[in-house]
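Visitor: Next up, input_25.tsv (TSV, N, CA and C atoms).
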chain	number	residue	atom	x	y	z
A	8	LEU	N	-57.94	-25.52	52.12
A	8	LEU	CA	-58.64	-24.48	52.85
A	8	LEU	C	-60.06	-24.95	53.09
A	9	MET	N	-60.44	-25.01	54.35
A	9	MET	CA	-61.77	-25.48	54.69
A	9	MET	C	-62.81	-24.43	54.29
A	10	LYS	N	-64.00	-24.90	53.93
A	10	LYS	CA	-65.07	-24.05	53.43
A	10	LYS	C	-65.41	-22.92	54.41
A	11	GLU	N	-65.49	-23.24	55.70
A	11	GLU	CA	-65.84	-22.20	56.68
A	11	GLU	C	-64.75	-21.14	56.82
A	12	ASP	N	-63.47	-21.54	56.67
A	12	ASP	CA	-62.38	-20.58	56.72
A	12	ASP	C	-62.37	-19.71	55.46
A	13	PHE	N	-62.66	-20.31	54.32
A	13	PHE	CA	-62.80	-19.56	53.07
A	13	PHE	C	-63.85	-18.47	53.26
A	14	GLY	N	-64.99	-18.84	53.85
A	14	GLY	CA	-66.06	-17.90	54.10
A	14	GLY	C	-65.67	-16.78	55.05
A	15	LYS	N	-64.94	-17.14	56.12
A	15	LYS	CA	-64.47	-16.12	57.08
A	15	LYS	C	-63.59	-15.09	56.38
A	16	ILE	N	-62.68	-15.56	55.56
A	16	ILE	CA	-61.77	-14.65	54.86
A	16	ILE	C	-62.57	-13.78	53.89
A	17	ALA	N	-63.46	-14.39	53.12
A	17	ALA	CA	-64.24	-13.66	52.13
A	17	ALA	C	-65.12	-12.59	52.75
A	18	GLU	N	-65.66	-12.87	53.92
A	18	GLU	CA	-66.60	-11.95	54.57
A	18	GLU	C	-65.93	-10.97	55.52
A	19	GLY	N	-64.59	-11.02	55.62
A	19	GLY	CA	-63.88	-10.11	56.51
A	19	GLY	C	-64.03	-10.48	57.97
A	20	GLY	N	-64.21	-11.78	58.23
A	20	GLY	CA	-64.43	-12.23	59.59
A	20	GLY	C	-63.20	-12.70	60.33
A	21	VAL	N	-62.04	-12.38	59.82
A	21	VAL	CA	-60.79	-12.77	60.49
A	21	VAL	C	-60.26	-11.55	61.24
A	22	VAL	N	-60.04	-11.71	62.53
A	22	VAL	CA	-59.55	-10.62	63.36
A	22	VAL	C	-58.05	-10.79	63.58
A	23	LEU	N	-57.29	-9.74	63.25
A	23	LEU	CA	-55.85	-9.71	63.49
A	23	LEU	C	-55.58	-8.70	64.59
A	24	GLU	N	-54.34	-8.66	65.08
A	24	GLU	CA	-54.01	-7.76	66.18
A	24	GLU	C	-54.20	-6.29	65.82
A	25	ASP	N	-54.18	-5.96	64.52
A	25	ASP	CA	-54.36	-4.57	64.09
A	25	ASP	C	-55.73	-4.32	63.44
A	26	GLY	N	-56.69	-5.21	63.70
A	26	GLY	CA	-58.05	-5.01	63.21
A	26	GLY	C	-58.55	-6.15	62.34
A	27	MET	N	-59.69	-5.91	61.71
A	27	MET	CA	-60.31	-6.91	60.84
A	27	MET	C	-59.50	-7.04	59.56
A	28	ALA	N	-59.38	-8.27	59.08
A	28	ALA	CA	-58.66	-8.55	57.84
A	28	ALA	C	-59.66	-8.57	56.69
A	29	GLU	N	-59.69	-7.50	55.93
A	29	GLU	CA	-60.60	-7.40	54.80
A	29	GLU	C	-59.86	-7.63	53.50
A	30	VAL	N	-60.38	-8.54	52.68
A	30	VAL	CA	-59.80	-8.80	51.36
A	30	VAL	C	-60.81	-8.37	50.30
A	31	ASP	N	-60.31	-8.02	49.13
A	31	ASP	CA	-61.19	-7.60	48.04
A	31	ASP	C	-61.85	-8.80	47.38
A	32	GLU	N	-61.07	-9.87	47.24
A	32	GLU	CA	-61.58	-11.06	46.56
A	32	GLU	C	-60.75	-12.27	46.97
A	33	ILE	N	-61.40	-13.42	47.04
A	33	ILE	CA	-60.71	-14.68	47.29
A	33	ILE	C	-61.31	-15.74	46.38
A	34	ALA	N	-60.47	-16.58	45.79
A	34	ALA	CA	-60.96	-17.61	44.87
A	34	ALA	C	-59.92	-18.71	44.75
A	35	TYR	N	-60.35	-19.84	44.24
A	35	TYR	CA	-59.43	-20.93	43.91
A	35	TYR	C	-59.06	-20.78	42.44
A	36	PRO	N	-57.79	-20.57	42.11
A	36	PRO	CA	-57.39	-20.49	40.70
A	36	PRO	C	-57.70	-21.78	39.94
A	37	ASN	N	-57.61	-22.90	40.65
A	37	ASN	CA	-57.92	-24.20	40.06
A	37	ASN	C	-58.91	-24.89	41.01
A	38	ALA	N	-60.14	-25.06	40.57
A	38	ALA	CA	-61.20	-25.59	41.42
A	38	ALA	C	-60.87	-26.97	42.00
A	39	LYS	N	-59.98	-27.72	41.34
A	39	LYS	CA	-59.62	-29.07	41.81
A	39	LYS	C	-58.51	-29.04	42.85
A	40	ASN	N	-57.84	-27.89	43.02
A	40	ASN	CA	-56.72	-27.79	43.95
A	40	ASN	C	-57.06	-26.78	45.04
A	41	ARG	N	-57.57	-27.25	46.16
A	41	ARG	CA	-57.97	-26.36	47.25
A	41	ARG	C	-56.79	-25.95	48.14
A	42	ALA	N	-55.60	-26.40	47.79
A	42	ALA	CA	-54.40	-26.00	48.55
A	42	ALA	C	-53.82	-24.70	48.02
A	43	GLU	N	-54.35	-24.22	46.89
A	43	GLU	CA	-53.87	-22.99	46.27
A	43	GLU	C	-55.02	-21.99	46.23
A	44	VAL	N	-54.76	-20.79	46.75
A	44	VAL	CA	-55.81	-19.79	46.87
A	44	VAL	C	-55.31	-18.48	46.27
A	45	GLY	N	-56.18	-17.79	45.55
A	45	GLY	CA	-55.87	-16.47	45.02
A	45	GLY	C	-56.59	-15.42	45.84
A	46	ILE	N	-55.87	-14.38	46.25
A	46	ILE	CA	-56.46	-13.32	47.06
A	46	ILE	C	-56.06	-11.98	46.47
A	47	GLN	N	-57.06	-11.11	46.35
A	47	GLN	CA	-56.80	-9.74	45.92
A	47	GLN	C	-56.99	-8.83	47.13
A	48	ILE	N	-55.98	-8.00	47.39
A	48	ILE	CA	-56.05	-7.08	48.53
A	48	ILE	C	-55.69	-5.68	48.06
A	49	HIS	N	-56.02	-4.70	48.87
A	49	HIS	CA	-55.67	-3.32	48.57
A	49	HIS	C	-54.83	-2.70	49.67
A	50	THR	N	-54.48	-3.47	50.66
A	50	THR	CA	-53.68	-2.97	51.77
A	50	THR	C	-52.24	-3.46	51.65
A	51	GLY	N	-51.34	-2.70	52.22
A	51	GLY	CA	-49.94	-3.10	52.21
A	51	GLY	C	-49.44	-3.44	53.60
A	52	LYS	N	-50.36	-3.85	54.47
A	52	LYS	CA	-49.95	-4.17	55.85
A	52	LYS	C	-48.92	-5.29	55.86
A	53	ASN	N	-48.01	-5.20	56.81
A	53	ASN	CA	-46.91	-6.15	56.92
A	53	ASN	C	-47.39	-7.59	57.10
A	54	ARG	N	-46.93	-8.47	56.22
A	54	ARG	CA	-47.21	-9.91	56.29
A	54	ARG	C	-48.71	-10.21	56.38
A	55	PHE	N	-49.54	-9.40	55.73
A	55	PHE	CA	-50.99	-9.46	55.84
A	55	PHE	C	-51.55	-10.84	55.48
A	56	ILE	N	-51.18	-11.38	54.35
A	56	ILE	CA	-51.71	-12.68	53.91
A	56	ILE	C	-51.26	-13.78	54.86
A	57	ARG	N	-49.99	-13.78	55.21
A	57	ARG	CA	-49.48	-14.79	56.15
A	57	ARG	C	-50.24	-14.74	57.47
A	58	ARG	N	-50.45	-13.54	57.98
A	58	ARG	CA	-51.13	-13.41	59.27
A	58	ARG	C	-52.58	-13.89	59.21
A	59	ILE	N	-53.25	-13.65	58.10
A	59	ILE	CA	-54.63	-14.14	57.95
A	59	ILE	C	-54.67	-15.65	58.09
A	60	PHE	N	-53.85	-16.33	57.30
A	60	PHE	CA	-53.89	-17.79	57.29
A	60	PHE	C	-53.34	-18.39	58.57
A	61	GLU	N	-52.30	-17.81	59.14
A	61	GLU	CA	-51.75	-18.32	60.40
A	61	GLU	C	-52.75	-18.19	61.53
A	62	SER	N	-53.56	-17.12	61.52
A	62	SER	CA	-54.57	-16.95	62.57
A	62	SER	C	-55.65	-18.03	62.50
A	63	LEU	N	-55.80	-18.65	61.33
A	63	LEU	CA	-56.77	-19.74	61.15
A	63	LEU	C	-56.12	-21.12	61.28
A	64	GLY	N	-54.82	-21.14	61.57
A	64	GLY	CA	-54.12	-22.40	61.79
A	64	GLY	C	-53.48	-23.01	60.56
A	65	TYR	N	-53.32	-22.23	59.49
A	65	TYR	CA	-52.70	-22.74	58.26
A	65	TYR	C	-51.25	-22.31	58.18
A	66	GLU	N	-50.46	-23.09	57.48
A	66	GLU	CA	-49.06	-22.75	57.23
A	66	GLU	C	-48.92	-22.37	55.75
A	67	ILE	N	-48.34	-21.22	55.51
A	67	ILE	CA	-48.10	-20.77	54.14
A	67	ILE	C	-46.79	-21.37	53.66
A	68	GLU	N	-46.85	-22.08	52.55
A	68	GLU	CA	-45.63	-22.66	51.98
A	68	GLU	C	-44.97	-21.73	50.98
A	69	LYS	N	-45.79	-20.99	50.22
A	69	LYS	CA	-45.23	-20.12	49.18
A	69	LYS	C	-46.23	-19.02	48.86
A	70	LEU	N	-45.74	-17.80	48.71
A	70	LEU	CA	-46.55	-16.68	48.25
A	70	LEU	C	-46.02	-16.23	46.91
A	71	ASP	N	-46.92	-15.83	46.03
A	71	ASP	CA	-46.53	-15.39	44.70
A	71	ASP	C	-47.34	-14.16	44.33
A	72	ARG	N	-46.72	-12.99	44.33
A	72	ARG	CA	-47.42	-11.77	43.93
A	72	ARG	C	-47.45	-11.73	42.41
A	73	VAL	N	-48.63	-11.66	41.84
A	73	VAL	CA	-48.76	-11.71	40.38
A	73	VAL	C	-49.14	-10.37	39.77
A	74	PHE	N	-49.57	-9.42	40.60
A	74	PHE	CA	-50.00	-8.13	40.08
A	74	PHE	C	-49.76	-7.07	41.15
A	75	PHE	N	-49.18	-5.93	40.76
A	75	PHE	CA	-48.95	-4.84	41.70
A	75	PHE	C	-48.96	-3.52	40.94
A	76	ALA	N	-49.80	-2.61	41.36
A	76	ALA	CA	-49.84	-1.24	40.82
A	76	ALA	C	-49.92	-1.22	39.30
A	77	GLY	N	-50.71	-2.10	38.73
A	77	GLY	CA	-50.86	-2.14	37.29
A	77	GLY	C	-49.78	-2.93	36.57
A	78	LEU	N	-48.84	-3.47	37.32
A	78	LEU	CA	-47.75	-4.25	36.73
A	78	LEU	C	-48.05	-5.74	36.90
A	79	THR	N	-47.71	-6.52	35.90
A	79	THR	CA	-47.88	-7.95	35.96
A	79	THR	C	-46.60	-8.63	35.49
A	80	LYS	N	-46.42	-9.85	35.89
A	80	LYS	CA	-45.25	-10.60	35.44
A	80	LYS	C	-45.63	-11.62	34.38
A	81	LYS	N	-46.80	-11.42	33.79
A	81	LYS	CA	-47.28	-12.32	32.74
A	81	LYS	C	-46.25	-12.39	31.61
A	82	ASP	N	-46.03	-13.58	31.11
A	82	ASP	CA	-45.09	-13.84	30.01
A	82	ASP	C	-43.62	-13.59	30.38
A	83	LEU	N	-43.33	-13.50	31.68
A	83	LEU	CA	-41.96	-13.30	32.13
A	83	LEU	C	-41.52	-14.56	32.86
A	84	ALA	N	-40.52	-15.23	32.36
A	84	ALA	CA	-40.05	-16.48	32.96
A	84	ALA	C	-39.50	-16.24	34.36
A	85	ARG	N	-39.63	-17.24	35.22
A	85	ARG	CA	-39.12	-17.16	36.59
A	85	ARG	C	-37.64	-16.78	36.58
A	86	GLY	N	-37.28	-15.82	37.41
A	86	GLY	CA	-35.89	-15.39	37.52
A	86	GLY	C	-35.47	-14.37	36.47
A	87	ARG	N	-36.36	-14.01	35.57
A	87	ARG	CA	-36.04	-13.04	34.51
A	87	ARG	C	-36.59	-11.67	34.89
A	88	TRP	N	-36.15	-10.65	34.20
A	88	TRP	CA	-36.61	-9.30	34.43
A	88	TRP	C	-36.75	-8.59	33.10
A	89	ARG	N	-37.36	-7.42	33.12
A	89	ARG	CA	-37.49	-6.61	31.92
A	89	ARG	C	-37.54	-5.14	32.33
A	90	PHE	N	-37.23	-4.26	31.40
A	90	PHE	CA	-37.38	-2.84	31.65
A	90	PHE	C	-38.85	-2.48	31.58
A	91	LEU	N	-39.26	-1.53	32.42
A	91	LEU	CA	-40.63	-1.05	32.39
A	91	LEU	C	-40.80	-0.05	31.25
A	92	THR	N	-42.01	0.01	30.70
A	92	THR	CA	-42.30	1.02	29.69
A	92	THR	C	-42.49	2.36	30.39
A	93	GLU	N	-42.45	3.44	29.63
A	93	GLU	CA	-42.66	4.77	30.21
A	93	GLU	C	-44.03	4.85	30.88
A	94	GLU	N	-45.04	4.26	30.27
A	94	GLU	CA	-46.39	4.27	30.83
A	94	GLU	C	-46.43	3.50	32.16
A	95	GLU	N	-45.75	2.37	32.24
A	95	GLU	CA	-45.70	1.61	33.49
A	95	GLU	C	-45.01	2.38	34.60
A	96	VAL	N	-43.94	3.09	34.27
A	96	VAL	CA	-43.24	3.91	35.26
A	96	VAL	C	-44.16	5.03	35.75
A	97	ARG	N	-44.89	5.66	34.84
A	97	ARG	CA	-45.82	6.72	35.21
A	97	ARG	C	-46.90	6.19	36.15
A	98	LEU	N	-47.49	5.03	35.81
A	98	LEU	CA	-48.52	4.43	36.66
A	98	LEU	C	-47.97	4.06	38.03
A	99	LEU	N	-46.78	3.52	38.07
A	99	LEU	CA	-46.16	3.13	39.33
A	99	LEU	C	-45.90	4.35	40.21
A	100	LYS	N	-45.38	5.42	39.62
A	100	LYS	CA	-45.15	6.65	40.38
A	100	LYS	C	-46.46	7.21	40.92
A	101	HIS	N	-47.51	7.15	40.12
A	101	HIS	CA	-48.82	7.63	40.55
A	101	HIS	C	-49.34	6.79	41.72
A	102	PHE	N	-49.17	5.48	41.62
A	102	PHE	CA	-49.65	4.58	42.65
A	102	PHE	C	-48.90	4.79	43.97
A	103	LEU	N	-47.61	5.03	43.91
A	103	LEU	CA	-46.79	5.13	45.10
A	103	LEU	C	-46.85	6.51	45.77
A	104	ASN	N	-47.42	7.49	45.09
A	104	ASN	CA	-47.53	8.83	45.70
A	104	ASN	C	-48.82	9.01	46.43
Any chance you could give the structure as structure tokens?
Guide:
Amino acid sequence: LMKEDFGKIAEGGVVLEDGMAEVDEIAYPNAKNRAEVGIQIHTGKNRFIRRIFESLGYEIEKLDRVFFAGLTKKDLARGRWRFLTEEEVRLLKHFLN
């Protein structure tokens, strides 16, 4: 990700067909690997992340959602699942209403 494009995304300077693309936060999870970017958003617009990067000429190879509505997949192996706690279900219902 080029420095100027990183800045455009961070400052909300990317225009999509449905308006400005505003992100809450953007960072490199690993400072040595500029091919991997972490983005925090609060919108659920369709294909939002893909559209941001495609509008700047980048191709997305893989997306990985790591946090949603207070839920995380931390300590959960790829392809595995677990039951939610009662508190997690309550938070999820609150978030979705």
Visitor: Which residues, written as a list in words, have at least one atom at most 10 Å from A:Leu103, with only C-alpha atoms counted and residues fewer than 4 positions away on the same chain left out?
Guide: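 Residues meeting the cut-off are Ala76, Leu98 and Leu99 of chain A.
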Visitor: Extract, using all atoms listed in the file, all DNA, RNA and protein residues at most 8 Å from stretch 17-30 of chain A, discarding same-chain residues fewer than 2 positions from it, and format them as a list in words.
Guide: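 So the residues in contact are Glu11, Asp12, Phe13, Gly14, Lys15, Glu32, Ile33, Ala34, Ile46, Gln47, Ile48, His49, Thr50, Phe55, Arg58, Ile59, Ser62 and Leu63 of chain A.
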Visitor: With N, CA and C atoms retained, could you export that selection as an mmCIF file, in the frame of the given file?
Guide:
data_model
loop_
_atom_site.group_PDB
_atom_site.id
_atom_site.type_symbol
_atom_site.label_atom_id
_atom_site.label_comp_id
_atom_site.auth_asym_id
_atom_site.auth_seq_id
_atom_site.Cartn_x
_atom_site.Cartn_y
_atom_site.Cartn_z
ATOM 1 N N GLU A 11 -65.490 -23.240 55.700
ATOM 2 C CA GLU A 11 -65.840 -22.200 56.680
ATOM 3 C C GLU A 11 -64.750 -21.140 56.820
ATOM 4 N N ASP A 12 -63.470 -21.540 56.670
ATOM 5 C CA ASP A 12 -62.380 -20.580 56.720
ATOM 6 C C ASP A 12 -62.370 -19.710 55.460
ATOM 7 N N PHE A 13 -62.660 -20.310 54.320
ATOM 8 C CA PHE A 13 -62.800 -19.560 53.070
ATOM 9 C C PHE A 13 -63.850 -18.470 53.260
ATOM 10 N N GLY A 14 -64.990 -18.840 53.850
ATOM 11 C CA GLY A 14 -66.060 -17.900 54.100
ATOM 12 C C GLY A 14 -65.670 -16.780 55.050
ATOM 13 N N LYS A 15 -64.940 -17.140 56.120
ATOM 14 C CA LYS A 15 -64.470 -16.120 57.080
ATOM 15 C C LYS A 15 -63.590 -15.090 56.380
ATOM 16 N N GLU A 32 -61.070 -9.870 47.240
ATOM 17 C CA GLU A 32 -61.580 -11.060 46.560
ATOM 18 C C GLU A 32 -60.750 -12.270 46.970
ATOM 19 N N ILE A 33 -61.400 -13.420 47.040
ATOM 20 C CA ILE A 33 -60.710 -14.680 47.290
ATOM 21 C C ILE A 33 -61.310 -15.740 46.380
ATOM 22 N N ALA A 34 -60.470 -16.580 45.790
ATOM 23 C CA ALA A 34 -60.960 -17.610 44.870
ATOM 24 C C ALA A 34 -59.920 -18.710 44.750
ATOM 25 N N ILE A 46 -55.870 -14.380 46.250
ATOM 26 C CA ILE A 46 -56.460 -13.320 47.060
ATOM 27 C C ILE A 46 -56.060 -11.980 46.470
ATOM 28 N N GLN A 47 -57.060 -11.110 46.350
ATOM 29 C CA GLN A 47 -56.800 -9.740 45.920
ATOM 30 C C GLN A 47 -56.990 -8.830 47.130
ATOM 31 N N ILE A 48 -55.980 -8.000 47.390
ATOM 32 C CA ILE A 48 -56.050 -7.080 48.530
ATOM 33 C C ILE A 48 -55.690 -5.680 48.060
ATOM 34 N N HIS A 49 -56.020 -4.700 48.870
ATOM 35 C CA HIS A 49 -55.670 -3.320 48.570
ATOM 36 C C HIS A 49 -54.830 -2.700 49.670
ATOM 37 N N THR A 50 -54.480 -3.470 50.660
ATOM 38 C CA THR A 50 -53.680 -2.970 51.770
ATOM 39 C C THR A 50 -52.240 -3.460 51.650
ATOM 40 N N PHE A 55 -49.540 -9.400 55.730
ATOM 41 C CA PHE A 55 -50.990 -9.460 55.840
ATOM 42 C C PHE A 55 -51.550 -10.840 55.480
ATOM 43 N N ARG A 58 -50.450 -13.540 57.980
ATOM 44 C CA ARG A 58 -51.130 -13.410 59.270
ATOM 45 C C ARG A 58 -52.580 -13.890 59.210
ATOM 46 N N ILE A 59 -53.250 -13.650 58.100
ATOM 47 C CA ILE A 59 -54.630 -14.140 57.950
ATOM 48 C C ILE A 59 -54.670 -15.650 58.090
ATOM 49 N N SER A 62 -53.560 -17.120 61.520
ATOM 50 C CA SER A 62 -54.570 -16.950 62.570
ATOM 51 C C SER A 62 -55.650 -18.030 62.500
ATOM 52 N N LEU A 63 -55.800 -18.650 61.330
ATOM 53 C CA LEU A 63 -56.770 -19.740 61.150
ATOM 54 C C LEU A 63 -56.120 -21.120 61.280
#
Visitor: Around all the atoms of stretch 58-77 of chain A listed in the file, with 5 Å of room on each side, what axis-aligned box do you get, giving centre and edge lengths in Å to one decimal, as AutoDock Vina command-line options?
Guide:
--center_x -50.9 --center_y -12.2 --center_z 49.6 --size_x 21.8 --size_y 31.9 --size_z 36.0
Visitor: Would you please work out which residue, of A:Val44, A:Ala84, A:Asn37, A:Leu8, is nearest to A:Lys69 when using only C-alpha atoms?
Guide: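 Among the listed residues, A:Val44 lies closest to A:Lys69.
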Visitor: Out of stretch 28-81 of chain A, which residues get alpha helix (DSSP H) from DSSP, as a PyMOL selection string?
Guide: chain A and resi 55-62
Visitor: I need the strand (DSSP E or B) residues of chain A per DSSP on the backbone, written as a list in words.
Guide: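 Assigned to strand (DSSP E or B), within chain A: Val21, Val22, Leu23, Gly26, Met27, Ala28, Glu32, Ile33, Ala34, Gly45, Ile46, Gln47, Phe74, Phe75, Leu78 and Thr79 of chain A.
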Visitor: Pull N, CA and C atoms from the residues just selected and write them as a CSV table (one decimal), in the frame of the given file.
Guide:
chain,number,residue,atom,x,y,z
A,21,VAL,N,-62.0,-12.4,59.8
A,21,VAL,CA,-60.8,-12.8,60.5
A,21,VAL,C,-60.3,-11.6,61.2
A,22,VAL,N,-60.0,-11.7,62.5
A,22,VAL,CA,-59.6,-10.6,63.4
A,22,VAL,C,-58.0,-10.8,63.6
A,23,LEU,N,-57.3,-9.7,63.2
A,23,LEU,CA,-55.8,-9.7,63.5
A,23,LEU,C,-55.6,-8.7,64.6
A,26,GLY,N,-56.7,-5.2,63.7
A,26,GLY,CA,-58.0,-5.0,63.2
A,26,GLY,C,-58.6,-6.2,62.3
A,27,MET,N,-59.7,-5.9,61.7
A,27,MET,CA,-60.3,-6.9,60.8
A,27,MET,C,-59.5,-7.0,59.6
A,28,ALA,N,-59.4,-8.3,59.1
A,28,ALA,CA,-58.7,-8.6,57.8
A,28,ALA,C,-59.7,-8.6,56.7
A,32,GLU,N,-61.1,-9.9,47.2
A,32,GLU,CA,-61.6,-11.1,46.6
A,32,GLU,C,-60.8,-12.3,47.0
A,33,ILE,N,-61.4,-13.4,47.0
A,33,ILE,CA,-60.7,-14.7,47.3
A,33,ILE,C,-61.3,-15.7,46.4
A,34,ALA,N,-60.5,-16.6,45.8
A,34,ALA,CA,-61.0,-17.6,44.9
A,34,ALA,C,-59.9,-18.7,44.8
A,45,GLY,N,-56.2,-17.8,45.6
A,45,GLY,CA,-55.9,-16.5,45.0
A,45,GLY,C,-56.6,-15.4,45.8
A,46,ILE,N,-55.9,-14.4,46.2
A,46,ILE,CA,-56.5,-13.3,47.1
A,46,ILE,C,-56.1,-12.0,46.5
A,47,GLN,N,-57.1,-11.1,46.4
A,47,GLN,CA,-56.8,-9.7,45.9
A,47,GLN,C,-57.0,-8.8,47.1
A,74,PHE,N,-49.6,-9.4,40.6
A,74,PHE,CA,-50.0,-8.1,40.1
A,74,PHE,C,-49.8,-7.1,41.2
A,75,PHE,N,-49.2,-5.9,40.8
A,75,PHE,CA,-49.0,-4.8,41.7
A,75,PHE,C,-49.0,-3.5,40.9
A,78,LEU,N,-48.8,-3.5,37.3
A,78,LEU,CA,-47.8,-4.2,36.7
A,78,LEU,C,-48.0,-5.7,36.9
A,79,THR,N,-47.7,-6.5,35.9
A,79,THR,CA,-47.9,-8.0,36.0
A,79,THR,C,-46.6,-8.6,35.5
Visitor: Separation of atom CA of A:Tyr35 and atom CA of A:Arg87, in Å?
Guide: 26.4 Å
Visitor: Can you measure atom C of A:Ile16 to atom N of A:Asp31 for me? One decimal in Å is fine.
Guide: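 Taking atom C of A:Ile16 as the start and atom N of A:Asp31 as the end point, the length is 7.8 Å.
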Visitor: Which of these residues is nearest to A:Arg54, using only C-alpha atoms: A:Arg41, A:Val73, A:Ile67, A:Lys80?
Guide: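 Smallest distance to A:Arg54 is found for A:Ile67.
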Visitor: Rounded to one decimal, what separation in Å do you get between atom C of A:Gly77 and atom CA of A:Arg89?
Guide: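 If I compute the distance from atom C of A:Gly77 to atom CA of A:Arg89, I get 13.6 Å.
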Visitor: Saving stretch 49-64 of chain A with N, CA, C and O atoms, as a PDB file, in the first residue's frame, what would that file be?
Guide:
ATOM      1  N   HIS A  49     -17.099   1.050  10.968  1.00  0.00           N
ATOM      2  CA  HIS A  49     -18.353   0.955  11.710  1.00  0.00           C
ATOM      3  C   HIS A  49     -19.548   0.833  10.781  1.00  0.00           C
ATOM      4  O   HIS A  49     -20.678   0.810  11.229  1.00  0.00           O
ATOM      5  N   THR A  50     -19.298   0.740   9.505  1.00  0.00           N
ATOM      6  CA  THR A  50     -20.377   0.620   8.529  1.00  0.00           C
ATOM      7  C   THR A  50     -20.472  -0.815   8.016  1.00  0.00           C
ATOM      8  O   THR A  50     -19.497  -1.548   8.017  1.00  0.00           O
ATOM      9  N   GLY A  51     -21.653  -1.182   7.590  1.00  0.00           N
ATOM     10  CA  GLY A  51     -21.847  -2.517   7.036  1.00  0.00           C
ATOM     11  C   GLY A  51     -22.155  -2.464   5.548  1.00  0.00           C
ATOM     12  O   GLY A  51     -22.810  -3.349   5.023  1.00  0.00           O
ATOM     13  N   LYS A  52     -21.698  -1.412   4.884  1.00  0.00           N
ATOM     14  CA  LYS A  52     -21.982  -1.284   3.453  1.00  0.00           C
ATOM     15  C   LYS A  52     -21.411  -2.463   2.680  1.00  0.00           C
ATOM     16  O   LYS A  52     -20.340  -2.977   3.007  1.00  0.00           O
ATOM     17  N   ASN A  53     -22.120  -2.852   1.639  1.00  0.00           N
ATOM     18  CA  ASN A  53     -21.759  -4.009   0.832  1.00  0.00           C
ATOM     19  C   ASN A  53     -20.363  -3.873   0.216  1.00  0.00           C
ATOM     20  O   ASN A  53     -20.080  -2.890  -0.458  1.00  0.00           O
ATOM     21  N   ARG A  54     -19.515  -4.861   0.472  1.00  0.00           N
ATOM     22  CA  ARG A  54     -18.168  -4.951  -0.107  1.00  0.00           C
ATOM     23  C   ARG A  54     -17.353  -3.673   0.112  1.00  0.00           C
ATOM     24  O   ARG A  54     -16.567  -3.258  -0.728  1.00  0.00           O
ATOM     25  N   PHE A  55     -17.542  -3.011   1.241  1.00  0.00           N
ATOM     26  CA  PHE A  55     -16.960  -1.706   1.538  1.00  0.00           C
ATOM     27  C   PHE A  55     -15.431  -1.704   1.428  1.00  0.00           C
ATOM     28  O   PHE A  55     -14.852  -0.862   0.736  1.00  0.00           O
ATOM     29  N   ILE A  56     -14.772  -2.630   2.081  1.00  0.00           N
ATOM     30  CA  ILE A  56     -13.303  -2.678   2.064  1.00  0.00           C
ATOM     31  C   ILE A  56     -12.799  -2.957   0.653  1.00  0.00           C
ATOM     32  O   ILE A  56     -11.890  -2.286   0.164  1.00  0.00           O
ATOM     33  N   ARG A  57     -13.392  -3.926  -0.010  1.00  0.00           N
ATOM     34  CA  ARG A  57     -12.988  -4.242  -1.385  1.00  0.00           C
ATOM     35  C   ARG A  57     -13.125  -3.024  -2.293  1.00  0.00           C
ATOM     36  O   ARG A  57     -12.252  -2.719  -3.093  1.00  0.00           O
ATOM     37  N   ARG A  58     -14.240  -2.322  -2.172  1.00  0.00           N
ATOM     38  CA  ARG A  58     -14.476  -1.168  -3.037  1.00  0.00           C
ATOM     39  C   ARG A  58     -13.475  -0.038  -2.772  1.00  0.00           C
ATOM     40  O   ARG A  58     -13.055   0.641  -3.710  1.00  0.00           O
ATOM     41  N   ILE A  59     -13.093   0.150  -1.522  1.00  0.00           N
ATOM     42  CA  ILE A  59     -12.088   1.179  -1.212  1.00  0.00           C
ATOM     43  C   ILE A  59     -10.793   0.885  -1.954  1.00  0.00           C
ATOM     44  O   ILE A  59     -10.252   1.732  -2.667  1.00  0.00           O
ATOM     45  N   PHE A  60     -10.283  -0.323  -1.783  1.00  0.00           N
ATOM     46  CA  PHE A  60      -8.992  -0.663  -2.378  1.00  0.00           C
ATOM     47  C   PHE A  60      -9.060  -0.770  -3.893  1.00  0.00           C
ATOM     48  O   PHE A  60      -8.128  -0.359  -4.586  1.00  0.00           O
ATOM     49  N   GLU A  61     -10.143  -1.305  -4.435  1.00  0.00           N
ATOM     50  CA  GLU A  61     -10.277  -1.399  -5.889  1.00  0.00           C
ATOM     51  C   GLU A  61     -10.343  -0.018  -6.525  1.00  0.00           C
ATOM     52  O   GLU A  61      -9.809   0.190  -7.613  1.00  0.00           O
ATOM     53  N   SER A  62     -10.953   0.950  -5.837  1.00  0.00           N
ATOM     54  CA  SER A  62     -11.024   2.310  -6.388  1.00  0.00           C
ATOM     55  C   SER A  62      -9.638   2.952  -6.476  1.00  0.00           C
ATOM     56  O   SER A  62      -9.427   3.866  -7.273  1.00  0.00           O
ATOM     57  N   LEU A  63      -8.693   2.449  -5.683  1.00  0.00           N
ATOM     58  CA  LEU A  63      -7.316   2.955  -5.709  1.00  0.00           C
ATOM     59  C   LEU A  63      -6.397   2.090  -6.582  1.00  0.00           C
ATOM     60  O   LEU A  63      -5.201   2.331  -6.657  1.00  0.00           O
ATOM     61  N   GLY A  64      -6.971   1.067  -7.207  1.00  0.00           N
ATOM     62  CA  GLY A  64      -6.203   0.228  -8.119  1.00  0.00           C
ATOM     63  C   GLY A  64      -5.559  -0.996  -7.496  1.00  0.00           C
ATOM     64  O   GLY A  64      -4.694  -1.622  -8.109  1.00  0.00           O
TER      65      GLY A  64
END
